[in-house]
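Below is one structure, written out as structure tokens; the observations come after it.
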Amino acid sequence: GRVDFGGGELEAAATTPVETRYRNEDDDYAWWHLDAGQYLVSFNESLTGDGDVVLQTRDEVRARGAFHPTLFVDALDPVPLSVGEGGIRIKENARVSTAFESP
């Protein structure tokens, strides 16, 4: 991507989807095998109601070496996920974030 001083030359970053893999052929959901690096997490849920919520990385994800920034949001747009040196495997539909009312 590109960011300039005045905003006239903004350019979105290029992204590439990460393929999932099934552990067993009869599984309903597959897994992402993420090496160390930066990723974008897309949510399959939406928010309802008025106002912002606080979006934080779930403790279970953080304890396994991945995290995203704490955000105040009114919609679940993709968020950057940082994965540490050991990598992580995340199953489709896994909960990677916790949302709660903004104080």
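Residues in the structure tokens are numbered from 1 in each chain, the chains being A, B, ... in the order shown, and ligands are numbered from 1 in the order shown.
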Report task. Pick out the residues sitting within 7 Å of Asp35 of chain A, and hand them over as a list in words; count only C-alpha atoms, and ignore anything fewer than 2 positions along from it in its own chain. Result -> His33, Gly37, Val83, Gly87 and Ile88 of chain A
message = With DSSP run on the backbone, what are the helix (DSSP H, G or I) residues within segment 17-90 of chain A? I'd like them as JSON, numbers by chain.
response = {"A": [59, 60, 61, 62]}
Query raised in the report: Counting only C-alpha atoms, what is within 12 Å of Ser102 of chain A, bar same-chain residues fewer than 4 positions away, as a count of residues only?
Result: 12
task = Rank nothing, just name the residue among A:Thr98, A:Val18, A:Ala12, A:Arg2 nearest to Thr57 of chain A, using only C-alpha atoms.
result =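 Using only C-alpha atoms, the shortest distance to Thr57 of chain A belongs to A:Thr98.
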Task: Atom-to-atom span, atom CA of Ala99 of chain A and atom CA of Leu76 of chain A, Å - done: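 Going from atom CA of Ala99 of chain A over to atom CA of Leu76 of chain A covers 9.9 Å.
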Set the distance at 12 Å and use only C-alpha atoms: which residues neighbour segment 26-28 of chain A once local chain neighbours fewer than 3 positions away are removed? I'd like the list as a list of chain:residue names.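 What passes the distance filter is A:Arg21, A:Tyr22, A:Arg23, A:Trp31, A:Lys91, A:Glu92, A:Asn93.
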Could you dump the residues just selected with N, CA and C atoms as a compact mmCIF listing (two decimals), in the first residue's frame?
```txt
# COMPACT_ATOMS: atom_id res chain seq x y z
N ARG A 21 -6.87 -26.04 4.45
CA ARG A 21 -6.60 -27.48 4.26
C ARG A 21 -7.47 -28.26 5.22
N TYR A 22 -7.98 -29.39 4.74
CA TYR A 22 -8.75 -30.29 5.60
C TYR A 22 -7.80 -31.26 6.29
N ARG A 23 -8.01 -31.49 7.59
CA ARG A 23 -7.22 -32.51 8.28
C ARG A 23 -7.69 -33.89 7.90
N TRP A 31 -8.72 -25.83 7.83
CA TRP A 31 -7.81 -25.05 8.66
C TRP A 31 -6.94 -24.15 7.80
N LYS A 91 -8.87 -22.81 12.62
CA LYS A 91 -9.95 -23.52 11.94
C LYS A 91 -10.99 -22.53 11.43
N GLU A 92 -11.57 -22.85 10.27
CA GLU A 92 -12.67 -22.03 9.75
C GLU A 92 -13.73 -21.90 10.83
N ASN A 93 -14.28 -20.72 10.98
CA ASN A 93 -15.29 -20.37 11.97
C ASN A 93 -14.74 -20.27 13.40
```
- Item | Close residues, Gly86 of chain A itself excluded, 10 Å, only C-alpha atoms, min 4 positions apart in chain, as a list in words |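 Skipping anything fewer than 4 positions along the chain leaves Leu34, Asp35, Ala36, Arg64, Gly65 and Ala66 of chain A.
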Save out the residues we just selected, N, CA, C and O atoms, as an mmCIF file, in the first residue's frame.
```cif
data_model
loop_
_atom_site.group_PDB
_atom_site.id
_atom_site.type_symbol
_atom_site.label_atom_id
_atom_site.label_comp_id
_atom_site.auth_asym_id
_atom_site.auth_seq_id
_atom_site.Cartn_x
_atom_site.Cartn_y
_atom_site.Cartn_z
ATOM 1 N N LEU A 34 -0.976 -20.836 9.115
ATOM 2 C CA LEU A 34 -0.356 -19.524 8.953
ATOM 3 C C LEU A 34 1.064 -19.529 9.515
ATOM 4 O O LEU A 34 1.266 -19.811 10.697
ATOM 5 N N ASP A 35 2.023 -19.226 8.672
ATOM 6 C CA ASP A 35 3.403 -19.045 9.107
ATOM 7 C C ASP A 35 3.526 -17.662 9.738
ATOM 8 O O ASP A 35 2.605 -16.842 9.661
ATOM 9 N N ALA A 36 4.677 -17.382 10.332
ATOM 10 C CA ALA A 36 4.919 -16.062 10.900
ATOM 11 C C ALA A 36 4.712 -14.999 9.835
ATOM 12 O O ALA A 36 5.087 -15.173 8.678
ATOM 13 N N ARG A 64 -1.388 -18.331 21.935
ATOM 14 C CA ARG A 64 -0.769 -19.215 20.951
ATOM 15 C C ARG A 64 0.043 -18.451 19.913
ATOM 16 O O ARG A 64 0.381 -18.957 18.858
ATOM 17 N N GLY A 65 0.336 -17.181 20.219
ATOM 18 C CA GLY A 65 1.287 -16.434 19.423
ATOM 19 C C GLY A 65 0.750 -15.569 18.312
ATOM 20 O O GLY A 65 1.505 -15.148 17.443
ATOM 21 N N ALA A 66 -0.546 -15.271 18.301
ATOM 22 C CA ALA A 66 -1.105 -14.390 17.274
ATOM 23 C C ALA A 66 -1.965 -13.329 17.956
ATOM 24 O O ALA A 66 -2.534 -13.572 19.019
#
```
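Atom CA of Val96 of chain A to atom CA of Thr16 of chain A spans 20.0 Å [interatomic distance, one decimal].
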The distance between atom CA of Glu85 of chain A and atom CA of Tyr29 of chain A is 25.1 Å
Residues of chain A classed as strand (DSSP E) by DSSP on the backbone are to be reported as a count of residues only.
33
For Thr15 of chain A: contacts at 12 Å, only C-alpha atoms, fewer than 3 positions along chain excluded, given as a CSV table (one decimal) with all heavy atoms, in the first residue's frame:
```csv
chain,number,residue,atom,x,y,z
A,1,GLY,N,0.8,-1.2,0.0
A,1,GLY,CA,0.0,0.0,0.0
A,1,GLY,C,0.9,1.2,0.0
A,1,GLY,O,2.1,1.2,0.1
A,12,ALA,N,-4.3,1.2,-1.9
A,12,ALA,CA,-4.6,0.0,-1.1
A,12,ALA,C,-3.5,-1.0,-1.3
A,12,ALA,O,-2.8,-1.1,-2.3
A,12,ALA,CB,-5.9,-0.7,-1.5
A,18,VAL,N,-5.3,-16.9,1.5
A,18,VAL,CA,-4.6,-18.1,2.0
A,18,VAL,C,-5.6,-19.2,1.9
A,18,VAL,O,-6.7,-19.2,2.4
A,18,VAL,CB,-4.1,-17.8,3.5
A,18,VAL,CG1,-3.5,-19.1,4.0
A,18,VAL,CG2,-3.2,-16.7,3.6
A,38,GLN,N,2.1,-11.3,8.6
A,38,GLN,CA,1.0,-10.4,8.7
A,38,GLN,C,-0.2,-10.9,7.8
A,38,GLN,O,0.1,-11.3,6.7
A,38,GLN,CB,1.3,-9.0,8.3
A,38,GLN,CG,2.4,-8.4,9.2
A,38,GLN,CD,2.0,-8.2,10.6
A,38,GLN,OE1,0.9,-7.7,10.9
A,38,GLN,NE2,2.8,-8.6,11.5
A,39,TYR,N,-1.4,-10.9,8.3
A,39,TYR,CA,-2.5,-11.4,7.6
A,39,TYR,C,-3.7,-10.5,7.8
A,39,TYR,O,-3.7,-9.7,8.7
A,39,TYR,CB,-2.9,-12.8,8.1
A,39,TYR,CG,-1.8,-13.8,7.8
A,39,TYR,CD1,-0.8,-14.0,8.8
A,39,TYR,CD2,-1.7,-14.6,6.7
A,39,TYR,CE1,0.2,-14.9,8.6
A,39,TYR,CE2,-0.7,-15.5,6.5
A,39,TYR,CZ,0.3,-15.7,7.4
A,39,TYR,OH,1.3,-16.5,7.2
A,40,LEU,N,-4.8,-10.6,7.1
A,40,LEU,CA,-6.0,-9.9,7.3
A,40,LEU,C,-7.1,-11.0,7.7
A,40,LEU,O,-7.2,-11.9,6.9
A,40,LEU,CB,-6.5,-9.2,6.0
A,40,LEU,CG,-5.8,-7.8,5.8
A,40,LEU,CD1,-6.4,-7.3,4.4
A,40,LEU,CD2,-6.1,-6.8,6.9
A,41,VAL,N,-7.7,-10.7,8.8
A,41,VAL,CA,-8.8,-11.6,9.2
A,41,VAL,C,-10.1,-11.0,8.8
A,41,VAL,O,-10.4,-9.8,9.1
A,41,VAL,CB,-8.8,-11.8,10.7
A,41,VAL,CG1,-10.1,-12.5,11.2
A,41,VAL,CG2,-7.6,-12.5,11.2
A,78,PRO,N,-12.2,-6.2,7.9
A,78,PRO,CA,-11.0,-7.0,8.1
A,78,PRO,C,-10.0,-6.3,9.0
A,78,PRO,O,-9.9,-5.1,8.9
A,78,PRO,CB,-10.5,-7.2,6.7
A,78,PRO,CG,-11.7,-7.1,5.8
A,78,PRO,CD,-12.5,-6.1,6.5
A,80,PRO,N,-5.9,-6.5,10.8
A,80,PRO,CA,-4.6,-7.2,10.6
A,80,PRO,C,-4.3,-8.1,11.8
A,80,PRO,O,-4.6,-7.8,12.9
A,80,PRO,CB,-3.7,-6.0,10.6
A,80,PRO,CG,-4.4,-4.9,11.4
A,80,PRO,CD,-5.8,-5.1,11.1
```
